[in-house]
$ cat model-v2.txt   # compact mmCIF, C-alpha atoms
# COMPACT_ATOMS: atom_id res chain seq x y z
CA MET U 61 83.65 -34.03 -80.17
CA ARG U 62 85.70 -30.92 -79.78
CA LEU U 63 89.39 -30.12 -79.69
CA THR U 64 90.54 -29.90 -76.07
CA LYS U 65 91.70 -26.60 -74.59
CA LYS U 66 95.06 -28.26 -74.14
CA ALA U 67 95.43 -29.00 -77.85
CA ASP U 68 94.15 -25.53 -78.76
CA TYR U 69 96.75 -23.88 -76.51
CA ALA U 70 99.44 -26.18 -77.87
CA LEU U 71 98.61 -25.25 -81.46
CA ARG U 72 98.56 -21.56 -80.73
CA ALA U 73 101.89 -21.75 -78.88
CA VAL U 74 103.55 -23.65 -81.72
CA VAL U 75 102.19 -21.24 -84.33
CA TYR U 76 103.54 -18.36 -82.23
CA ILE U 77 106.96 -19.98 -81.94
CA SER U 78 106.99 -20.72 -85.69
CA GLN U 79 106.65 -17.03 -86.39
CA LEU U 80 109.68 -15.95 -84.40
CA PRO U 81 112.54 -14.45 -86.39
CA ASP U 82 115.25 -17.05 -87.09
CA GLY U 83 117.36 -17.85 -84.08
CA GLN U 84 115.03 -16.15 -81.60
CA LEU U 85 113.56 -18.02 -78.62
CA ALA U 86 110.25 -17.46 -76.87
CA SER U 87 109.88 -17.68 -73.11
CA ILE U 88 106.86 -19.20 -71.40
CA GLY U 89 105.87 -15.79 -70.07
CA GLU U 90 106.02 -14.21 -73.51
CA ILE U 91 103.87 -16.93 -75.11
CA ALA U 92 101.40 -16.92 -72.22
CA THR U 93 100.93 -13.17 -72.56
CA ALA U 94 100.73 -13.11 -76.35
CA GLN U 95 98.35 -16.06 -76.55
CA ARG U 96 96.44 -15.33 -73.33
CA THR U 97 97.13 -18.81 -72.03
CA PRO U 98 97.28 -19.79 -68.33
CA ARG U 99 101.01 -19.86 -67.58
CA GLU U 100 101.19 -23.05 -65.48
CA PHE U 101 99.13 -25.02 -67.95
CA LEU U 102 101.22 -23.68 -70.83
CA ALA U 103 104.44 -24.72 -69.06
CA LYS U 104 103.20 -28.31 -68.89
CA ILE U 105 102.14 -28.28 -72.53
CA LEU U 106 105.50 -26.91 -73.70
CA LYS U 107 107.31 -29.56 -71.66
CA GLN U 108 105.26 -32.25 -73.35
CA LEU U 109 105.91 -30.78 -76.80
CA THR U 110 109.62 -30.71 -76.01
CA ARG U 111 109.63 -34.31 -74.85
CA LEU U 112 107.99 -35.31 -78.13
CA SER U 113 110.54 -33.40 -80.22
CA ILE U 114 108.20 -30.73 -81.53
CA LEU U 115 110.01 -28.02 -79.57
CA LYS U 116 113.52 -27.59 -78.27
CA SER U 117 114.06 -25.85 -74.96
CA TYR U 118 117.07 -23.83 -73.88
CA GLN U 119 117.84 -23.14 -70.22
CA GLY U 120 119.17 -19.94 -68.72
CA ILE U 121 118.20 -16.32 -68.41
CA ARG U 122 118.01 -15.93 -72.19
CA GLY U 123 116.51 -19.39 -72.58
CA GLY U 124 113.19 -20.32 -74.13
CA TYR U 125 111.65 -22.41 -76.85
CA LYS U 126 112.03 -22.81 -80.58
CA LEU U 127 110.87 -25.42 -83.07
CA ALA U 128 112.88 -28.62 -82.96
CA ARG U 129 112.37 -29.14 -86.69
CA ASN U 130 111.84 -27.12 -89.82
CA SER U 131 108.41 -25.43 -89.75
CA ALA U 132 107.34 -27.38 -92.86
CA GLU U 133 107.87 -30.55 -90.87
CA VAL U 134 105.58 -29.70 -87.97
CA SER U 135 101.90 -30.20 -88.70
CA PHE U 136 98.72 -29.60 -86.73
CA LEU U 137 98.45 -33.38 -86.54
CA ASP U 138 101.88 -33.65 -84.89
CA VAL U 139 100.99 -31.04 -82.28
CA ILE U 140 97.51 -32.36 -81.47
CA GLU U 141 98.66 -35.96 -81.22
CA ALA U 142 101.63 -34.92 -79.07
CA VAL U 143 99.29 -33.58 -76.41
CA GLU U 144 96.15 -35.67 -76.91
CA GLY U 145 97.45 -38.97 -78.24
CA LYS U 146 96.06 -40.61 -81.37
CA ILE U 147 92.96 -38.96 -82.80
CA PHE U 148 89.89 -41.09 -83.33
CA LEU U 149 86.65 -39.50 -84.50
CA ASN U 150 84.85 -42.57 -83.26
CA GLN U 151 85.92 -45.73 -81.49
CA CYS U 152 85.57 -47.61 -84.79
CA CYS U 153 88.38 -45.55 -86.27
CA LYS U 154 90.95 -47.68 -84.54
CA GLU U 155 92.76 -49.76 -87.08
CA THR U 156 92.39 -52.99 -85.19
CA ASP U 157 89.32 -55.16 -85.56
CA ASP U 158 88.31 -55.07 -81.92
CA CYS U 159 87.04 -51.49 -82.02
CA CYS U 160 83.79 -52.35 -80.25
CA GLU U 161 81.42 -55.16 -79.41
CA MET U 162 79.58 -54.66 -82.72
CA TYR U 163 82.58 -55.21 -84.94
CA SER U 164 81.36 -58.39 -86.63
CA ASP U 165 78.22 -56.78 -87.99
CA CYS U 166 78.90 -53.08 -87.84
CA GLN U 167 77.65 -51.05 -90.76
CA LEU U 168 79.06 -47.72 -89.71
CA ARG U 169 82.76 -48.13 -89.45
CA HIS U 170 83.41 -47.65 -93.16
CA PHE U 171 81.88 -44.21 -92.93
CA TRP U 172 83.86 -43.30 -89.81
CA ARG U 173 87.13 -44.62 -91.12
CA ARG U 174 86.72 -42.56 -94.28
CA GLN U 175 85.95 -39.44 -92.24
CA GLN U 176 88.89 -40.12 -90.00
CA ALA U 177 91.25 -40.47 -92.97
CA LEU U 178 90.05 -37.16 -94.46
CA TYR U 179 90.37 -35.33 -91.17
CA ILE U 180 93.82 -36.71 -90.38
CA ALA U 181 95.00 -35.79 -93.87
CA SER U 182 93.82 -32.19 -93.44
CA LEU U 183 95.59 -31.89 -90.11
CA ALA U 184 98.77 -33.38 -91.56
CA ARG U 185 98.71 -30.96 -94.50
CA GLU U 186 98.42 -27.93 -92.22
CA THR U 187 102.07 -27.29 -91.45
CA MET U 188 103.63 -24.43 -89.52
CA ASP U 189 105.42 -22.91 -92.53
CA ARG U 190 101.98 -21.79 -93.71
CA TYR U 191 101.91 -19.44 -90.72
CA ARG U 192 105.48 -18.15 -90.95
CA ASP U 193 104.64 -15.01 -92.81
CA LYS U 194 101.00 -14.64 -91.93
CA MET U 195 99.74 -11.64 -90.07
CA ALA U 196 96.99 -12.13 -87.53
CA THR U 197 93.71 -12.18 -89.45
CA MET I 63 87.70 -35.22 -79.94
CA ARG I 64 85.63 -38.33 -80.33
CA LEU I 65 81.99 -39.10 -80.96
CA THR I 66 80.25 -39.83 -77.66
CA LYS I 67 78.91 -43.28 -76.87
CA LYS I 68 75.49 -41.67 -76.78
CA ALA I 69 75.74 -40.40 -80.36
CA ASP I 70 77.20 -43.71 -81.51
CA TYR I 71 74.28 -45.64 -79.99
CA ALA I 72 71.84 -43.13 -81.45
CA LEU I 73 73.26 -43.57 -84.96
CA ARG I 74 73.24 -47.33 -84.74
CA ALA I 75 69.66 -47.36 -83.47
CA VAL I 76 68.47 -45.06 -86.26
CA VAL I 77 70.29 -47.10 -88.91
CA TYR I 78 68.64 -50.23 -87.49
CA ILE I 79 65.20 -48.62 -87.56
CA SER I 80 65.80 -47.37 -91.13
CA GLN I 81 66.32 -50.93 -92.27
CA LEU I 82 62.99 -52.23 -91.00
CA PRO I 83 60.53 -53.41 -93.64
CA ASP I 84 57.95 -50.73 -94.43
CA GLY I 85 55.35 -50.33 -91.72
CA GLN I 86 57.26 -52.38 -89.15
CA LEU I 87 58.15 -50.97 -85.74
CA ALA I 88 61.13 -51.82 -83.54
CA SER I 89 60.87 -52.13 -79.77
CA ILE I 90 63.53 -50.90 -77.40
CA GLY I 91 64.32 -54.47 -76.39
CA GLU I 92 64.77 -55.55 -80.00
CA ILE I 93 67.12 -52.66 -80.81
CA ALA I 94 69.08 -53.10 -77.58
CA THR I 95 69.65 -56.76 -78.36
CA ALA I 96 70.48 -56.28 -82.02
CA GLN I 97 72.82 -53.36 -81.41
CA ARG I 98 74.17 -54.56 -78.05
CA THR I 99 73.23 -51.29 -76.41
CA PRO I 100 72.43 -50.84 -72.68
CA ARG I 101 68.62 -50.82 -72.56
CA GLU I 102 68.06 -47.97 -70.10
CA PHE I 103 70.48 -45.70 -71.89
CA LEU I 104 68.92 -46.59 -75.24
CA ALA I 105 65.45 -45.77 -73.90
CA LYS I 106 66.60 -42.26 -73.03
CA ILE I 107 68.25 -41.78 -76.41
CA LEU I 108 65.15 -42.95 -78.31
CA LYS I 109 62.99 -40.60 -76.26
CA GLN I 110 65.26 -37.71 -77.18
CA LEU I 111 65.23 -38.68 -80.87
CA THR I 112 61.44 -38.82 -80.73
CA ARG I 113 61.18 -35.41 -79.09
CA LEU I 114 63.33 -33.99 -81.87
CA SER I 115 61.22 -35.56 -84.62
CA ILE I 116 63.77 -38.04 -85.88
CA LEU I 117 61.69 -40.98 -84.65
CA LYS I 118 58.01 -41.55 -84.05
CA SER I 119 56.95 -43.73 -81.16
CA TYR I 120 53.81 -45.85 -80.90
CA GLN I 121 52.47 -47.06 -77.57
CA GLY I 122 50.95 -50.42 -76.76
CA ILE I 123 51.88 -54.04 -76.84
CA ARG I 124 52.71 -53.89 -80.53
CA GLY I 125 54.22 -50.42 -80.18
CA GLY I 126 57.73 -49.33 -80.97
CA TYR I 127 59.69 -46.88 -83.06
CA LYS I 128 59.93 -45.96 -86.71
CA LEU I 129 61.48 -43.05 -88.59
CA ALA I 130 59.44 -39.87 -88.37
CA ARG I 131 60.55 -38.84 -91.85
CA ASN I 132 61.64 -40.41 -95.09
CA SER I 133 65.03 -42.13 -94.68
CA ALA I 134 66.58 -39.76 -97.25
CA GLU I 135 65.68 -36.90 -94.95
CA VAL I 136 67.45 -38.18 -91.85
CA SER I 137 71.20 -37.63 -91.87
CA PHE I 138 74.01 -38.52 -89.49
CA LEU I 139 74.20 -34.82 -88.73
CA ASP I 140 70.53 -34.74 -87.66
CA VAL I 141 70.99 -37.69 -85.34
CA ILE I 142 74.27 -36.56 -83.77
CA GLU I 143 73.04 -33.01 -83.22
CA ALA I 144 69.77 -34.31 -81.78
CA VAL I 145 71.63 -36.04 -78.95
CA GLU I 146 74.78 -33.91 -78.63
CA GLY I 147 73.68 -30.46 -79.70
CA LYS I 148 75.58 -28.42 -82.28
CA ILE I 149 78.89 -29.89 -83.37
CA PHE I 150 81.97 -27.72 -83.05
CA LEU I 151 85.38 -29.19 -83.87
CA ASN I 152 86.92 -26.34 -81.92
CA GLN I 153 85.53 -23.46 -79.94
CA CYS I 154 86.40 -21.13 -82.83
CA CYS I 155 83.92 -22.93 -85.05
CA LYS I 156 81.05 -21.04 -83.48
CA GLU I 157 79.66 -18.60 -85.97
CA THR I 158 79.68 -15.66 -83.60
CA ASP I 159 82.74 -13.51 -83.14
CA ASP I 160 83.12 -14.12 -79.42
CA CYS I 161 84.44 -17.66 -79.82
CA CYS I 162 87.33 -17.09 -77.43
CA GLU I 163 89.49 -14.45 -75.79
CA MET I 164 91.89 -14.51 -78.79
CA TYR I 165 89.30 -13.61 -81.39
CA SER I 166 90.74 -10.25 -82.40
CA ASP I 167 94.09 -11.69 -83.40
CA CYS I 168 93.44 -15.36 -83.90
CA GLN I 169 95.20 -16.99 -86.82
CA LEU I 170 93.68 -20.40 -86.50
CA ARG I 171 89.98 -19.98 -86.82
CA HIS I 172 89.97 -19.94 -90.64
CA PHE I 173 91.49 -23.39 -90.62
CA TRP I 174 89.03 -24.69 -88.04
CA ARG I 175 86.00 -23.18 -89.70
CA ARG I 176 86.97 -24.77 -93.00
CA GLN I 177 87.41 -28.17 -91.31
CA GLN I 178 84.12 -27.77 -89.54
CA ALA I 179 82.30 -26.97 -92.79
CA LEU I 180 83.77 -30.06 -94.50
CA TYR I 181 82.93 -32.33 -91.59
CA ILE I 182 79.37 -31.03 -91.22
CA ALA I 183 78.81 -31.43 -94.97
CA SER I 184 79.95 -35.08 -94.83
CA LEU I 185 77.64 -35.81 -91.93
CA ALA I 186 74.73 -34.10 -93.69
CA ARG I 187 75.31 -36.10 -96.89
CA GLU I 188 75.25 -39.42 -95.03
CA THR I 189 71.53 -40.11 -94.99
CA MET I 190 69.70 -43.19 -93.78
CA ASP I 191 68.47 -44.25 -97.23
CA ARG I 192 72.07 -45.23 -97.96
CA TYR I 193 71.66 -47.98 -95.36
CA ARG I 194 68.21 -49.19 -96.37
CA ASP I 195 69.39 -52.06 -98.51
CA LYS I 196 72.83 -52.60 -97.08
CA MET I 197 73.79 -55.85 -95.49
CA ALA I 198 76.06 -55.75 -92.46
CA THR I 199 79.61 -55.49 -93.75
$ encode --input "model-v2.txt" --output "structure tokens"
Amino acid sequence: MRLTKKADYALRAVVYISQLPDGQLASIGEIATAQRTPREFLAKILKQLTRLSILKSYQGIRGGYKLARNSAEVSFLDVIEAVEGKIFLNQCCKETDDCCEMYSDCQLRHFWRRQQALYIASLARETMDRYRDKMAT
Amino acid sequence: MRLTKKADYALRAVVYISQLPDGQLASIGEIATAQRTPREFLAKILKQLTRLSILKSYQGIRGGYKLARNSAEVSFLDVIEAVEGKIFLNQCCKETDDCCEMYSDCQLRHFWRRQQALYIASLARETMDRYRDKMAT
């Protein structure tokens, strides 16, 4: 019931990239050092974030990564779902009616679906522009 | 980032037991059938819930389980933590300051600690008395 290391590293990398001065790119090595993230693992994560249009990558000796969209348009939800897939707090949070073998007389799914909606909304509200001008706290 | 099957089965079993008429006990077989839960796995879960004073078990041919406390005093949080241990949405939700190698300049833990507090509060508010008179929905 915990965020994966992968999603945690992804979030930290995207926050780091969001805080770059306009027009500046960050290399894998730079992010790995700043965020103390294993370099190989980070490379895979950044590739995935690029494929899903969260980041844009530039080749070459001065290459690196920047956000593919405005920082107000990249949320924690976007980043987590890009690396982990859809978030479900419980199996009954799926929107289809075949969530589990107890569907027909389940008493718990209303609670879980409400929790899920609240959690997803919080993650969607937390956008990268909120971190643009923040110092480390 | 999802509730374990174990915690899901535990919750369903405790909700089932909460809905028994006063003084009635539920056997493992009865709960397993009603909640479509693997019997051996359920037996282990019920044992754990008994050890942690969520349930009380009675031996003998008419034995079984009932709540160890008033249904208003058993929350989803109690049940989940009894079988899964402390809930942390992310590693930075630990209350100590050694949550991870980034502690000294982490920008994310305020967000995660706030989420964690909201989630824990919702789970603590969801007590078994709310299910006492509910029909399956």
$ atom_distance --input "model-v2.txt" --atom1 "CA of Arg64 in chain I" --atom2 "CA of Glu141 in chain U"
13.3 Å
$ residues_around --input "model-v2.txt" --residues "Ile121 in chain U" --least-positions-apart "2" --cutoff "12 Å" --atoms "all atoms listed in the file" --output "PyMOL selection string"
chain U and resi 85-87+118-119+123-124
$ atom_distance --input "model-v2.txt" --atom1 "CA of Ile79 in chain I" --atom2 "CA of Leu129 in chain I"
6.8 Å
$ closest_residue --input "model-v2.txt" --among "U:Ala177, U:Ala92, U:Leu80, U:Leu63" --to "chain I" --atoms "all atoms listed in the file"
U:Leu63
$ closest_residue --input "model-v2.txt" --among "U:Lys66, U:Lys116, U:Gly83, U:Glu90" --to "chain I" --atoms "all atoms listed in the file"
U:Lys66
$ atom_distance --input "model-v2.txt" --atom1 "CA of Asp138 in chain U" --atom2 "CA of Trp174 in chain I"
16.0 Å
$ residues_near_point --input "model-v2.txt" --point "(56.0, -36.9, -87.0)" --cutoff "7 Å" --atoms "all atoms listed in the file" --output "ChimeraX atom specification"
/I:115,118,130-131
$ axis_aligned_box --input "model-v2.txt" --around "range 105-110 of chain I" --padding-each-side "5 Å" --output "AutoDock Vina command-line options"
--center_x 65.6 --center_y -41.7 --center_z -75.7 --size_x 15.3 --size_y 18.1 --size_z 15.3
